[in-house]
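As stored in work_16.pdb (PDB, C-alpha atoms and all ligand atoms):
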ATOM      1  CA  MET A  25      23.737  -4.623  -2.845
ATOM      2  CA  PRO A  26      25.461  -1.458  -4.096
ATOM      3  CA  LYS A  27      29.228  -2.000  -4.077
ATOM      4  CA  ASN A  28      30.309   1.039  -2.095
ATOM      5  CA  LEU A  29      27.856   0.438   0.751
ATOM      6  CA  SER A  30      28.993   1.449   4.222
ATOM      7  CA  SER A  31      27.134   1.950   7.468
ATOM      8  CA  GLU A  32      27.019   5.668   6.678
ATOM      9  CA  SER A  33      25.327   5.109   3.335
ATOM     10  CA  LEU A  34      21.984   6.577   2.360
ATOM     11  CA  VAL A  35      19.329   5.556  -0.120
ATOM     12  CA  PHE A  36      17.283   8.127  -2.027
ATOM     13  CA  ALA A  37      13.816   6.582  -1.704
ATOM     14  CA  VAL A  38      10.815   7.854  -3.663
ATOM     15  CA  ASP A  39       7.092   7.270  -3.462
ATOM     16  CA  LEU A  40       6.018   8.199  -6.978
ATOM     17  CA  GLY A  41       2.238   8.514  -6.826
ATOM     18  CA  GLY A  42      -0.191   9.776  -9.444
ATOM     19  CA  THR A  43      -0.794  12.957  -7.419
ATOM     20  CA  HIS A  44       2.229  13.384  -5.158
ATOM     21  CA  LEU A  45       5.887  12.619  -5.331
ATOM     22  CA  ARG A  46       7.451  12.021  -1.901
ATOM     23  CA  ALA A  47      11.161  11.521  -1.495
ATOM     24  CA  ALA A  48      13.411  10.794   1.461
ATOM     25  CA  LEU A  49      16.983  10.018   2.352
ATOM     26  CA  VAL A  50      17.019   6.875   4.489
ATOM     27  CA  ASP A  51      19.993   5.349   6.285
ATOM     28  CA  ASP A  52      20.498   1.643   6.846
ATOM     29  CA  THR A  53      19.057   1.785  10.355
ATOM     30  CA  GLY A  54      15.736   3.007   8.951
ATOM     31  CA  ARG A  55      16.160   6.642   9.944
ATOM     32  CA  ILE A  56      14.597   9.162   7.576
ATOM     33  CA  LEU A  57      17.055  12.060   7.399
ATOM     34  CA  LYS A  58      15.395  14.314   4.856
ATOM     35  CA  HIS A  59      11.973  14.355   3.375
ATOM     36  CA  LEU A  60      10.117  16.267   0.698
ATOM     37  CA  LYS A  61       6.680  16.178  -0.851
ATOM     38  CA  GLN A  62       5.634  17.850  -4.086
ATOM     39  CA  GLU A  63       3.136  17.419  -6.869
ATOM     40  CA  THR A  64       3.923  14.808  -9.499
ATOM     41  CA  PRO A  65       4.523  16.589 -12.829
ATOM     42  CA  LYS A  66       1.382  16.448 -14.931
ATOM     43  CA  GLY A  67       1.222  15.654 -18.621
ATOM     44  CA  ASP A  68       2.201  12.776 -20.833
ATOM     45  CA  SER A  69       5.910  13.132 -20.554
ATOM     46  CA  ALA A  70       8.008  10.592 -18.669
ATOM     47  CA  GLU A  71      10.914  13.001 -19.106
ATOM     48  CA  GLY A  72       9.132  15.527 -16.876
ATOM     49  CA  ILE A  73       8.957  12.927 -14.110
ATOM     50  CA  VAL A  74      12.614  11.982 -14.589
ATOM     51  CA  ALA A  75      13.602  15.670 -14.399
ATOM     52  CA  ALA A  76      11.617  16.129 -11.157
ATOM     53  CA  LEU A  77      13.264  13.051  -9.607
ATOM     54  CA  VAL A  78      16.749  14.177 -10.593
ATOM     55  CA  LYS A  79      16.088  17.676  -9.240
ATOM     56  CA  ALA A  80      14.823  16.255  -5.928
ATOM     57  CA  ALA A  81      17.830  13.934  -5.649
ATOM     58  CA  LYS A  82      20.278  16.740  -6.276
ATOM     59  CA  SER A  83      18.562  19.200  -3.936
ATOM     60  CA  TRP A  84      20.165  17.615  -0.896
ATOM     61  CA  ASP A  85      23.773  18.151   0.002
ATOM     62  CA  CYS A  86      25.017  14.853   1.422
ATOM     63  CA  ARG A  87      28.776  15.072   1.369
ATOM     64  CA  GLN A  88      28.995  13.556   4.846
ATOM     65  CA  GLN A  89      27.026  10.452   3.960
ATOM     66  CA  PRO A  90      27.114   9.153   0.402
ATOM     67  CA  VAL A  91      23.926   8.265  -1.419
ATOM     68  CA  VAL A  92      24.535   4.801  -2.842
ATOM     69  CA  ALA A  93      21.267   4.019  -4.610
ATOM     70  CA  ALA A  94      17.862   5.319  -5.606
ATOM     71  CA  SER A  95      14.778   3.224  -4.987
ATOM     72  CA  ILE A  96      11.554   4.296  -6.656
ATOM     73  CA  MET A  97       8.172   2.835  -5.808
ATOM     74  CA  VAL A  98       5.358   3.114  -8.275
ATOM     75  CA  PRO A  99       1.604   2.443  -8.222
ATOM     76  CA  GLY A 100       1.476  -0.596 -10.487
ATOM     77  CA  PRO A 101       3.044  -3.976 -11.198
ATOM     78  CA  VAL A 102       6.722  -3.963 -12.142
ATOM     79  CA  ASP A 103       8.725  -6.426 -14.190
ATOM     80  CA  SER A 104      11.621  -6.570 -11.768
ATOM     81  CA  GLU A 105      14.010  -8.248 -14.200
ATOM     82  CA  LYS A 106      13.562  -5.618 -16.880
ATOM     83  CA  ALA A 107      12.805  -2.946 -14.232
ATOM     84  CA  VAL A 108       9.893  -1.569 -16.231
ATOM     85  CA  ILE A 109       6.430  -0.582 -15.066
ATOM     86  CA  LEU A 110       3.808  -2.828 -16.636
ATOM     87  CA  GLN A 111       0.614  -1.001 -15.666
ATOM     88  CA  ALA A 112       0.064   2.391 -14.061
ATOM     89  CA  PRO A 113      -3.348   3.995 -14.665
ATOM     90  CA  ASN A 114      -2.222   7.137 -12.792
ATOM     91  CA  LEU A 115       1.182   7.458 -14.503
ATOM     92  CA  PRO A 116       0.569   6.155 -18.038
ATOM     93  CA  SER A 117       3.705   7.782 -19.494
ATOM     94  CA  LEU A 118       5.879   5.448 -17.419
ATOM     95  CA  ILE A 119       4.492   2.203 -18.839
ATOM     96  CA  ASN A 120       7.388   0.359 -20.449
ATOM     97  CA  PHE A 121       9.531   3.503 -20.113
ATOM     98  CA  PRO A 122      13.210   2.763 -19.248
ATOM     99  CA  LEU A 123      12.995   4.652 -15.925
ATOM    100  CA  LYS A 124      15.832   2.689 -14.312
ATOM    101  CA  ALA A 125      18.261   3.248 -17.193
ATOM    102  CA  GLU A 126      17.379   6.948 -17.520
ATOM    103  CA  LEU A 127      17.836   7.627 -13.811
ATOM    104  CA  GLU A 128      21.020   5.571 -13.526
ATOM    105  CA  GLN A 129      22.507   7.555 -16.340
ATOM    106  CA  LYS A 130      21.525  10.912 -14.835
ATOM    107  CA  LEU A 131      22.192  10.152 -11.157
ATOM    108  CA  GLY A 132      25.124   7.758 -11.361
ATOM    109  CA  TRP A 133      23.632   5.459  -8.700
ATOM    110  CA  PRO A 134      22.082   2.010  -9.060
ATOM    111  CA  VAL A 135      18.304   2.451  -9.323
ATOM    112  CA  PHE A 136      15.651   0.014  -8.087
ATOM    113  CA  ILE A 137      11.985   0.071  -9.112
ATOM    114  CA  GLU A 138       9.334  -1.573  -6.938
ATOM    115  CA  ASN A 139       5.570  -1.755  -6.661
ATOM    116  CA  ASP A 140       4.300   0.506  -3.837
ATOM    117  CA  ALA A 141       2.305  -2.123  -1.930
ATOM    118  CA  ASN A 142       5.289  -4.504  -2.037
ATOM    119  CA  ALA A 143       7.573  -1.792  -0.686
ATOM    120  CA  ALA A 144       5.091  -1.046   2.113
ATOM    121  CA  ALA A 145       5.105  -4.720   3.170
ATOM    122  CA  VAL A 146       8.906  -4.676   3.370
ATOM    123  CA  GLY A 147       8.827  -1.403   5.330
ATOM    124  CA  GLU A 148       6.453  -2.845   7.924
ATOM    125  CA  MET A 149       8.644  -5.935   8.262
ATOM    126  CA  TRP A 150      11.756  -3.804   8.703
ATOM    127  CA  MET A 151      10.534  -1.026  11.013
ATOM    128  CA  GLY A 152       6.852  -1.574  11.751
ATOM    129  CA  ALA A 153       4.189  -3.977  12.995
ATOM    130  CA  ALA A 154       5.790  -7.050  11.361
ATOM    131  CA  ARG A 155       9.285  -6.621  12.876
ATOM    132  CA  GLY A 156      10.852 -10.018  13.490
ATOM    133  CA  CYS A 157       8.330 -11.862  11.270
ATOM    134  CA  ARG A 158       9.293 -13.901   8.193
ATOM    135  CA  ASP A 159       5.875 -14.607   6.680
ATOM    136  CA  VAL A 160       3.963 -11.377   6.275
ATOM    137  CA  VAL A 161       0.966 -10.168   4.328
ATOM    138  CA  SER A 162       0.264  -6.457   4.209
ATOM    139  CA  VAL A 163      -2.995  -5.005   2.990
ATOM    140  CA  THR A 164      -3.357  -1.299   2.201
ATOM    141  CA  LEU A 165      -6.875   0.090   2.357
ATOM    142  CA  GLY A 166      -6.816   3.385   0.476
ATOM    143  CA  THR A 167      -8.668   4.645  -2.595
ATOM    144  CA  GLY A 168      -8.165   1.058  -3.758
ATOM    145  CA  VAL A 169      -6.855  -2.024  -1.954
ATOM    146  CA  GLY A 170      -3.239  -3.094  -2.396
ATOM    147  CA  GLY A 171      -1.325  -6.019  -1.001
ATOM    148  CA  GLY A 172       2.200  -7.289  -0.478
ATOM    149  CA  VAL A 173       3.338 -10.798   0.411
ATOM    150  CA  ILE A 174       6.606 -11.759   2.106
ATOM    151  CA  VAL A 175       7.446 -15.441   2.338
ATOM    152  CA  ASP A 176      10.369 -16.614   4.475
ATOM    153  CA  GLY A 177      11.674 -13.063   4.708
ATOM    154  CA  LYS A 178      11.644 -12.496   0.976
ATOM    155  CA  LEU A 179       9.268 -10.393  -1.053
ATOM    156  CA  TRP A 180       7.100 -12.601  -3.233
ATOM    157  CA  ARG A 181       6.622 -10.758  -6.510
ATOM    158  CA  GLY A 182       5.100 -13.594  -8.532
ATOM    159  CA  SER A 183       6.070 -14.729 -12.007
ATOM    160  CA  HIS A 184       4.745 -11.556 -13.649
ATOM    161  CA  GLY A 185       5.184  -8.903 -10.971
ATOM    162  CA  SER A 186       1.591  -8.926  -9.778
ATOM    163  CA  ALA A 187       1.592 -11.147  -6.669
ATOM    164  CA  GLY A 188      -0.421  -9.941  -3.679
ATOM    165  CA  GLU A 189      -3.239  -8.243  -5.593
ATOM    166  CA  ILE A 190      -5.689  -9.017  -2.806
ATOM    167  CA  GLY A 191      -7.831  -6.014  -3.791
ATOM    168  CA  HIS A 192      -8.775  -7.832  -6.986
ATOM    169  CA  THR A 193      -9.701 -11.153  -5.453
ATOM    170  CA  THR A 194     -13.416 -11.898  -5.699
ATOM    171  CA  VAL A 195     -15.419 -11.663  -2.488
ATOM    172  CA  ASP A 196     -18.903 -11.272  -3.981
ATOM    173  CA  PRO A 197     -19.477 -12.548  -7.532
ATOM    174  CA  PHE A 198     -23.222 -11.788  -7.347
ATOM    175  CA  SER A 199     -22.979  -8.123  -6.393
ATOM    176  CA  GLY A 200     -23.156  -6.998 -10.017
ATOM    177  CA  LEU A 201     -20.491  -4.412  -9.196
ATOM    178  CA  LYS A 202     -17.857  -4.077 -11.869
ATOM    179  CA  CYS A 203     -14.285  -3.282 -10.839
ATOM    180  CA  LYS A 204     -11.935  -1.148 -12.929
ATOM    181  CA  CYS A 205      -9.755  -4.261 -13.356
ATOM    182  CA  GLY A 206     -12.579  -5.878 -15.370
ATOM    183  CA  ASN A 207     -13.671  -8.391 -12.716
ATOM    184  CA  THR A 208     -16.945  -8.296 -10.778
ATOM    185  CA  GLY A 209     -17.170  -8.263  -6.982
ATOM    186  CA  CYS A 210     -13.525  -7.483  -6.114
ATOM    187  CA  LEU A 211     -12.571  -6.844  -2.470
ATOM    188  CA  GLU A 212     -11.612  -3.288  -3.457
ATOM    189  CA  LEU A 213     -15.288  -2.573  -4.164
ATOM    190  CA  PHE A 214     -16.164  -3.184  -0.502
ATOM    191  CA  ALA A 215     -13.095  -2.454   1.617
ATOM    192  CA  SER A 216     -11.646   0.831   0.357
ATOM    193  CA  ALA A 217     -12.278   4.497   1.137
ATOM    194  CA  THR A 218     -14.129   4.715  -2.192
ATOM    195  CA  ALA A 219     -16.317   1.791  -1.136
ATOM    196  CA  ILE A 220     -17.269   3.457   2.166
ATOM    197  CA  VAL A 221     -18.683   6.431   0.271
ATOM    198  CA  ARG A 222     -20.464   4.303  -2.351
ATOM    199  CA  MET A 223     -22.028   1.913   0.180
ATOM    200  CA  THR A 224     -23.230   4.848   2.280
ATOM    201  CA  ARG A 225     -24.835   6.434  -0.770
ATOM    202  CA  GLU A 226     -26.495   3.156  -1.735
ATOM    203  CA  HIS A 227     -28.098   2.681   1.680
ATOM    204  CA  LEU A 228     -29.028   6.277   2.540
ATOM    205  CA  SER A 229     -32.713   5.798   1.729
ATOM    206  CA  SER A 230     -32.986   2.829   4.115
ATOM    207  CA  PHE A 231     -31.774   4.958   7.048
ATOM    208  CA  PRO A 232     -33.933   8.108   7.124
ATOM    209  CA  GLN A 233     -32.673   8.911  10.654
ATOM    210  CA  SER A 234     -29.064   9.138   9.488
ATOM    211  CA  LYS A 235     -27.350  12.524   9.790
ATOM    212  CA  LEU A 236     -25.194  11.809   6.713
ATOM    213  CA  LYS A 237     -25.930  14.006   3.707
ATOM    214  CA  LEU A 238     -25.691  12.780   0.134
ATOM    215  CA  ASP A 239     -23.818  15.783  -1.261
ATOM    216  CA  GLU A 240     -21.013  15.864   1.279
ATOM    217  CA  LEU A 241     -20.053  12.246   1.766
ATOM    218  CA  THR A 242     -16.434  11.354   2.476
ATOM    219  CA  ALA A 243     -14.996   8.269   4.181
ATOM    220  CA  GLU A 244     -13.941  10.501   7.119
ATOM    221  CA  LYS A 245     -17.465  11.905   7.529
ATOM    222  CA  VAL A 246     -18.942   8.408   7.533
ATOM    223  CA  TYR A 247     -16.398   7.349  10.147
ATOM    224  CA  GLU A 248     -17.176  10.352  12.371
ATOM    225  CA  ALA A 249     -20.882   9.593  12.096
ATOM    226  CA  GLY A 250     -20.180   5.971  13.052
ATOM    227  CA  GLN A 251     -18.303   7.091  16.148
ATOM    228  CA  ASN A 252     -21.372   9.074  17.125
ATOM    229  CA  GLY A 253     -23.554   5.996  16.743
ATOM    230  CA  ASP A 254     -25.100   6.746  13.330
ATOM    231  CA  GLU A 255     -26.722   3.476  12.299
ATOM    232  CA  LEU A 256     -26.106   3.865   8.588
ATOM    233  CA  ALA A 257     -22.384   4.484   9.164
ATOM    234  CA  LEU A 258     -22.200   1.517  11.518
ATOM    235  CA  ALA A 259     -23.914  -0.714   8.933
ATOM    236  CA  VAL A 260     -21.473   0.438   6.233
ATOM    237  CA  PHE A 261     -18.405  -0.280   8.358
ATOM    238  CA  ASN A 262     -19.863  -3.623   9.369
ATOM    239  CA  ARG A 263     -20.239  -4.523   5.702
ATOM    240  CA  PHE A 264     -16.693  -3.262   5.058
ATOM    241  CA  GLY A 265     -15.404  -5.506   7.865
ATOM    242  CA  MET A 266     -17.356  -8.492   6.590
ATOM    243  CA  TYR A 267     -15.873  -8.360   3.098
ATOM    244  CA  LEU A 268     -12.406  -7.523   4.372
ATOM    245  CA  GLY A 269     -12.630 -10.519   6.720
ATOM    246  CA  ILE A 270     -13.672 -12.780   3.843
ATOM    247  CA  GLY A 271     -10.715 -11.565   1.759
ATOM    248  CA  LEU A 272      -8.301 -11.984   4.657
ATOM    249  CA  ALA A 273      -9.620 -15.452   5.481
ATOM    250  CA  ASN A 274      -8.846 -16.547   1.925
ATOM    251  CA  LEU A 275      -5.351 -15.084   2.155
ATOM    252  CA  ILE A 276      -4.683 -16.610   5.558
ATOM    253  CA  SER A 277      -5.777 -20.072   4.388
ATOM    254  CA  LEU A 278      -3.554 -19.735   1.344
ATOM    255  CA  ILE A 279      -0.391 -18.263   2.871
ATOM    256  CA  ASP A 280      -0.564 -19.081   6.599
ATOM    257  CA  PRO A 281       1.318 -15.885   7.565
ATOM    258  CA  GLN A 282       2.534 -14.967  11.044
ATOM    259  CA  ILE A 283       0.974 -11.549  10.679
ATOM    260  CA  VAL A 284      -1.391  -9.600   8.466
ATOM    261  CA  VAL A 285      -0.631  -5.880   8.638
ATOM    262  CA  ILE A 286      -3.471  -3.542   7.707
ATOM    263  CA  ALA A 287      -2.425  -0.119   6.432
ATOM    264  CA  GLY A 288      -3.826   2.821   4.471
ATOM    265  CA  GLY A 289      -6.186   5.698   5.222
ATOM    266  CA  ALA A 290      -9.273   3.527   5.734
ATOM    267  CA  VAL A 291      -7.582   1.658   8.591
ATOM    268  CA  ASN A 292      -8.652   4.676  10.682
ATOM    269  CA  GLY A 293     -12.066   3.026  10.804
ATOM    270  CA  TRP A 294     -10.556   0.039  12.657
ATOM    271  CA  ASP A 295     -12.721   0.372  15.770
ATOM    272  CA  LEU A 296     -15.834   0.233  13.573
ATOM    273  CA  PHE A 297     -14.892  -2.670  11.256
ATOM    274  CA  ALA A 298     -12.440  -4.858  13.203
ATOM    275  CA  THR A 299     -14.975  -6.891  15.196
ATOM    276  CA  GLU A 300     -16.727  -8.130  12.067
ATOM    277  CA  MET A 301     -13.396  -8.625  10.256
ATOM    278  CA  PHE A 302     -12.077 -10.842  13.068
ATOM    279  CA  ARG A 303     -15.378 -12.746  13.209
ATOM    280  CA  GLN A 304     -15.211 -13.592   9.508
ATOM    281  CA  VAL A 305     -11.577 -14.689   9.727
ATOM    282  CA  GLU A 306     -12.324 -16.902  12.700
ATOM    283  CA  GLU A 307     -15.307 -18.424  10.952
ATOM    284  CA  ARG A 308     -13.761 -18.965   7.516
ATOM    285  CA  ALA A 309      -9.974 -19.288   7.572
ATOM    286  CA  PHE A 310      -8.308 -22.689   7.945
ATOM    287  CA  ARG A 311      -8.281 -23.352  11.679
ATOM    288  CA  THR A 312      -4.598 -23.816  12.523
ATOM    289  CA  ALA A 313      -3.706 -20.662  10.602
ATOM    290  CA  ALA A 314      -6.676 -18.643  11.891
ATOM    291  CA  GLN A 315      -5.928 -19.458  15.527
ATOM    292  CA  GLN A 316      -2.343 -18.260  15.369
ATOM    293  CA  VAL A 317      -2.230 -15.426  12.863
ATOM    294  CA  LYS A 318      -1.936 -11.911  14.214
ATOM    295  CA  ILE A 319      -3.897  -9.187  12.445
ATOM    296  CA  ALA A 320      -2.580  -5.761  13.362
ATOM    297  CA  ARG A 321      -2.629  -2.144  12.292
ATOM    298  CA  ALA A 322       0.418  -0.877  10.445
ATOM    299  CA  GLU A 323       2.904   1.231  12.409
ATOM    300  CA  CYS A 324       4.915   3.101   9.775
ATOM    301  CA  GLY A 325       2.043   5.164   8.363
ATOM    302  CA  ASP A 326       2.860   6.945   5.104
ATOM    303  CA  ASN A 327       6.541   6.073   5.472
ATOM    304  CA  ALA A 328       6.180   2.284   5.127
ATOM    305  CA  GLY A 329       6.803   2.366   1.384
ATOM    306  CA  LEU A 330       9.758   4.758   1.580
ATOM    307  CA  LEU A 331      11.365   2.609   4.273
ATOM    308  CA  GLY A 332      10.676  -0.596   2.349
ATOM    309  CA  ALA A 333      12.044   0.856  -0.882
ATOM    310  CA  ALA A 334      15.217   1.863   0.969
ATOM    311  CA  ARG A 335      15.518  -1.555   2.587
ATOM    312  CA  LEU A 336      15.215  -3.288  -0.782
ATOM    313  CA  ALA A 337      18.007  -1.101  -2.151
ATOM    314  CA  PHE A 338      20.197  -1.899   0.840
ATOM    315  CA  GLY A 339      19.817  -5.486  -0.283
ATOM    316  CA  HIS A 340      17.879  -6.944   2.606
ATOM    317  CA  ASP A 341      14.745  -8.124   0.901
TER     318      ASP A 341
HETATM  319 ZN    ZN B 401     -10.706  -5.629  -9.392
END
Re-express the file's structure as structure tokens.
Amino acid sequence: MPKNLSSESLVFAVDLGGTHLRAALVDDTGRILKHLKQETPKGDSAEGIVAALVKAAKSWDCRQQPVVAASIMVPGPVDSEKAVILQAPNLPSLINFPLKAELEQKLGWPVFIENDANAAAVGEMWMGAARGCRDVVSVTLGTGVGGGVIVDGKLWRGSHGSAGEIGHTTVDPFSGLKCKCGNTGCLELFASATAIVRMTREHLSSFPQSKLKLDELTAEKVYEAGQNGDELALAVFNRFGMYLGIGLANLISLIDPQIVVIAGGAVNGWDLFATEMFRQVEERAFRTAAQQVKIARAECGDNAGLLGAARLAFGHD
């Protein structure tokens, strides 16, 4: 915990994505006091990203409440001992870059670096759907599928910073579908926004009655069609729910959590995929765990990661 921490203290929390950089000042009760969103600097230079972070941090006048730490979450596994980013396809300039040291030197605050899905799990435990729980799994269904695992109240990072990669667990080895991670049949290939579009495209010819058009497919359009009873969209979300349920059943048998929190943009399709997801979990997960686990939608939305990053910096992980 930062030494000069008081109840008035703030953490400068950042969601450093490949496209957008979101920053917030968060107090130790989980209130977000200020918030900004801008484009992540493009190009190969880590220095450009550092400059943007420093500028954002200094743009807020906080004489009343001191900022005691910065907590940056990044889209990739992090070596938390060395505080370096190990992999980041969307921010390649940051791989093995001394981001912590650079920012500490320029900001004068302790700096924490955390994987984004891990931070989101902590955020949901602090302020969201997993409040009061000690054993939590969070699954983020976005462009890809991310995951975070909390065991006995503590974030479980794994020996090499890559624990909780549920999106890259195999749910269908015979699909022939290759994942960008190198494996075949990963959960991410069936239970992400990208997967909704691909599966719809693949099955269009089998559903000539469908109103969905090949050239304008988005996950949102497929969802809207499903709400209006489009059979292709319903079949796609059913398939999505089936694979998600298989992935969750494996996780639940392995970890026996109190709660699985489902987050990310694709969770908006909940009413179309949840029935099949629950059916698979009930059928496949180890019985004592399956009967008691709660599976719920996330409550913190886009702010889960910012809140979790702040919480980790406050020293409550
Ligand atoms: Zn994969």
**Report entry** Selection dump of the PyMOL selection byres (((chain A and resi 159) around 7) and not hetatm), as a VMD selection string
**Finding:** chain A and resid 157 to 158 160 174 to 177 281 to 282
Specify as a PDB file with C-alpha atoms, in the frame of the given file each residue included when the PyMOL selection byres (((not hetatm)) within 12 of (chain B and resi 401)) is applied to this file.
ATOM      1  CA  GLY A 168      -8.165   1.058  -3.758  1.00  0.00           C
ATOM      2  CA  VAL A 169      -6.855  -2.024  -1.954  1.00  0.00           C
ATOM      3  CA  GLY A 170      -3.239  -3.094  -2.396  1.00  0.00           C
ATOM      4  CA  GLU A 189      -3.239  -8.243  -5.593  1.00  0.00           C
ATOM      5  CA  ILE A 190      -5.689  -9.017  -2.806  1.00  0.00           C
ATOM      6  CA  GLY A 191      -7.831  -6.014  -3.791  1.00  0.00           C
ATOM      7  CA  HIS A 192      -8.775  -7.832  -6.986  1.00  0.00           C
ATOM      8  CA  THR A 193      -9.701 -11.153  -5.453  1.00  0.00           C
ATOM      9  CA  THR A 194     -13.416 -11.898  -5.699  1.00  0.00           C
ATOM     10  CA  VAL A 195     -15.419 -11.663  -2.488  1.00  0.00           C
ATOM     11  CA  ASP A 196     -18.903 -11.272  -3.981  1.00  0.00           C
ATOM     12  CA  PRO A 197     -19.477 -12.548  -7.532  1.00  0.00           C
ATOM     13  CA  LEU A 201     -20.491  -4.412  -9.196  1.00  0.00           C
ATOM     14  CA  LYS A 202     -17.857  -4.077 -11.869  1.00  0.00           C
ATOM     15  CA  CYS A 203     -14.285  -3.282 -10.839  1.00  0.00           C
ATOM     16  CA  LYS A 204     -11.935  -1.148 -12.929  1.00  0.00           C
ATOM     17  CA  CYS A 205      -9.755  -4.261 -13.356  1.00  0.00           C
ATOM     18  CA  GLY A 206     -12.579  -5.878 -15.370  1.00  0.00           C
ATOM     19  CA  ASN A 207     -13.671  -8.391 -12.716  1.00  0.00           C
ATOM     20  CA  THR A 208     -16.945  -8.296 -10.778  1.00  0.00           C
ATOM     21  CA  GLY A 209     -17.170  -8.263  -6.982  1.00  0.00           C
ATOM     22  CA  CYS A 210     -13.525  -7.483  -6.114  1.00  0.00           C
ATOM     23  CA  LEU A 211     -12.571  -6.844  -2.470  1.00  0.00           C
ATOM     24  CA  GLU A 212     -11.612  -3.288  -3.457  1.00  0.00           C
ATOM     25  CA  LEU A 213     -15.288  -2.573  -4.164  1.00  0.00           C
ATOM     26  CA  PHE A 214     -16.164  -3.184  -0.502  1.00  0.00           C
ATOM     27  CA  ALA A 215     -13.095  -2.454   1.617  1.00  0.00           C
ATOM     28  CA  SER A 216     -11.646   0.831   0.357  1.00  0.00           C
TER      29      SER A 216
END
Query raised in the report: Skipping near chain neighbours, those fewer than 3 positions away, what residues fall within 12 Å of Met149 of chain A using all atoms listed in the file, listed as a ChimeraX atom specification?
Result: /A:54,142-146,152-162,172-179,282-285,322-324,328-329,331-333,335-336,340-341
Query raised in the report: Do you know which residues the PyMOL selection byres (((chain A and resi 105) around 12) and not hetatm) returns on this file, as a PyMOL selection string?
Result: chain A and resi 102-104+106-110+124+136-138+181-185
Query raised in the report: Looking at A:Ala309, A:Leu258, A:Trp294, A:Thr299, which one is nearest to Ala273 of chain A, with distances taken over only C-alpha atoms?
Result: A:Ala309
Report task. Please check which residues have atoms at most 7 Å from (17.8, 4.3, 5.9) in the file's coordinates, counting all atoms listed in the file, and write them as a ChimeraX atom specification. Result -> /A:34-35,49-56,331,334
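Ranking A:Gly269, A:Thr167, A:Ile119, A:Asn252 by their shortest atom-to-atom distance to Val221 of chain A, with only C-alpha atoms included, puts A:Thr167 first.
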Which residues, written as an mmCIF file with C-alpha atoms, keeping the file's coordinate frame, have at least one atom at most 12 Å from Phe36 of chain A, with all atoms listed in the file counted and residues fewer than 6 positions away on the same chain left out?
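See selection_28.cif below for the written result:
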data_model
loop_
_atom_site.group_PDB
_atom_site.id
_atom_site.type_symbol
_atom_site.label_atom_id
_atom_site.label_comp_id
_atom_site.auth_asym_id
_atom_site.auth_seq_id
_atom_site.Cartn_x
_atom_site.Cartn_y
_atom_site.Cartn_z
ATOM 1 C CA ARG A 46 7.451 12.021 -1.901
ATOM 2 C CA ALA A 47 11.161 11.521 -1.495
ATOM 3 C CA ALA A 48 13.411 10.794 1.461
ATOM 4 C CA LEU A 49 16.983 10.018 2.352
ATOM 5 C CA VAL A 50 17.019 6.875 4.489
ATOM 6 C CA ASP A 51 19.993 5.349 6.285
ATOM 7 C CA ASP A 52 20.498 1.643 6.846
ATOM 8 C CA ILE A 56 14.597 9.162 7.576
ATOM 9 C CA LEU A 57 17.055 12.060 7.399
ATOM 10 C CA LYS A 58 15.395 14.314 4.856
ATOM 11 C CA HIS A 59 11.973 14.355 3.375
ATOM 12 C CA LEU A 60 10.117 16.267 0.698
ATOM 13 C CA LEU A 77 13.264 13.051 -9.607
ATOM 14 C CA VAL A 78 16.749 14.177 -10.593
ATOM 15 C CA ALA A 80 14.823 16.255 -5.928
ATOM 16 C CA ALA A 81 17.830 13.934 -5.649
ATOM 17 C CA LYS A 82 20.278 16.740 -6.276
ATOM 18 C CA SER A 83 18.562 19.200 -3.936
ATOM 19 C CA TRP A 84 20.165 17.615 -0.896
ATOM 20 C CA CYS A 86 25.017 14.853 1.422
ATOM 21 C CA GLN A 89 27.026 10.452 3.960
ATOM 22 C CA PRO A 90 27.114 9.153 0.402
ATOM 23 C CA VAL A 91 23.926 8.265 -1.419
ATOM 24 C CA VAL A 92 24.535 4.801 -2.842
ATOM 25 C CA ALA A 93 21.267 4.019 -4.610
ATOM 26 C CA ALA A 94 17.862 5.319 -5.606
ATOM 27 C CA SER A 95 14.778 3.224 -4.987
ATOM 28 C CA ILE A 96 11.554 4.296 -6.656
ATOM 29 C CA MET A 97 8.172 2.835 -5.808
ATOM 30 C CA LEU A 127 17.836 7.627 -13.811
ATOM 31 C CA LEU A 131 22.192 10.152 -11.157
ATOM 32 C CA TRP A 133 23.632 5.459 -8.700
ATOM 33 C CA PRO A 134 22.082 2.010 -9.060
ATOM 34 C CA VAL A 135 18.304 2.451 -9.323
ATOM 35 C CA PHE A 136 15.651 0.014 -8.087
ATOM 36 C CA ILE A 137 11.985 0.071 -9.112
ATOM 37 C CA LEU A 330 9.758 4.758 1.580
ATOM 38 C CA LEU A 331 11.365 2.609 4.273
ATOM 39 C CA GLY A 332 10.676 -0.596 2.349
ATOM 40 C CA ALA A 333 12.044 0.856 -0.882
ATOM 41 C CA ALA A 334 15.217 1.863 0.969
ATOM 42 C CA ARG A 335 15.518 -1.555 2.587
ATOM 43 C CA LEU A 336 15.215 -3.288 -0.782
ATOM 44 C CA ALA A 337 18.007 -1.101 -2.151
ATOM 45 C CA PHE A 338 20.197 -1.899 0.840
#
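Going from atom CA of Asn114 of chain A to atom CA of Gly166 of chain A covers 14.5 Å.
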Requested in this report: Would you work out the distance separating atom CA of Val38 of chain A from atom CA of Ser117 of chain A, expressed in Å to one decimal?
Outcome: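 Those two atoms sit 17.4 Å apart.
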Query raised in the report: Excluding same-chain residues fewer than 5 positions from Ile220 of chain A, what lies within 12 Å of it counting only C-alpha atoms, as a PyMOL selection string?
Result: chain A and resi 165-168+212-215+225-227+241-247+250+256-265+267+289-291+293+296-297
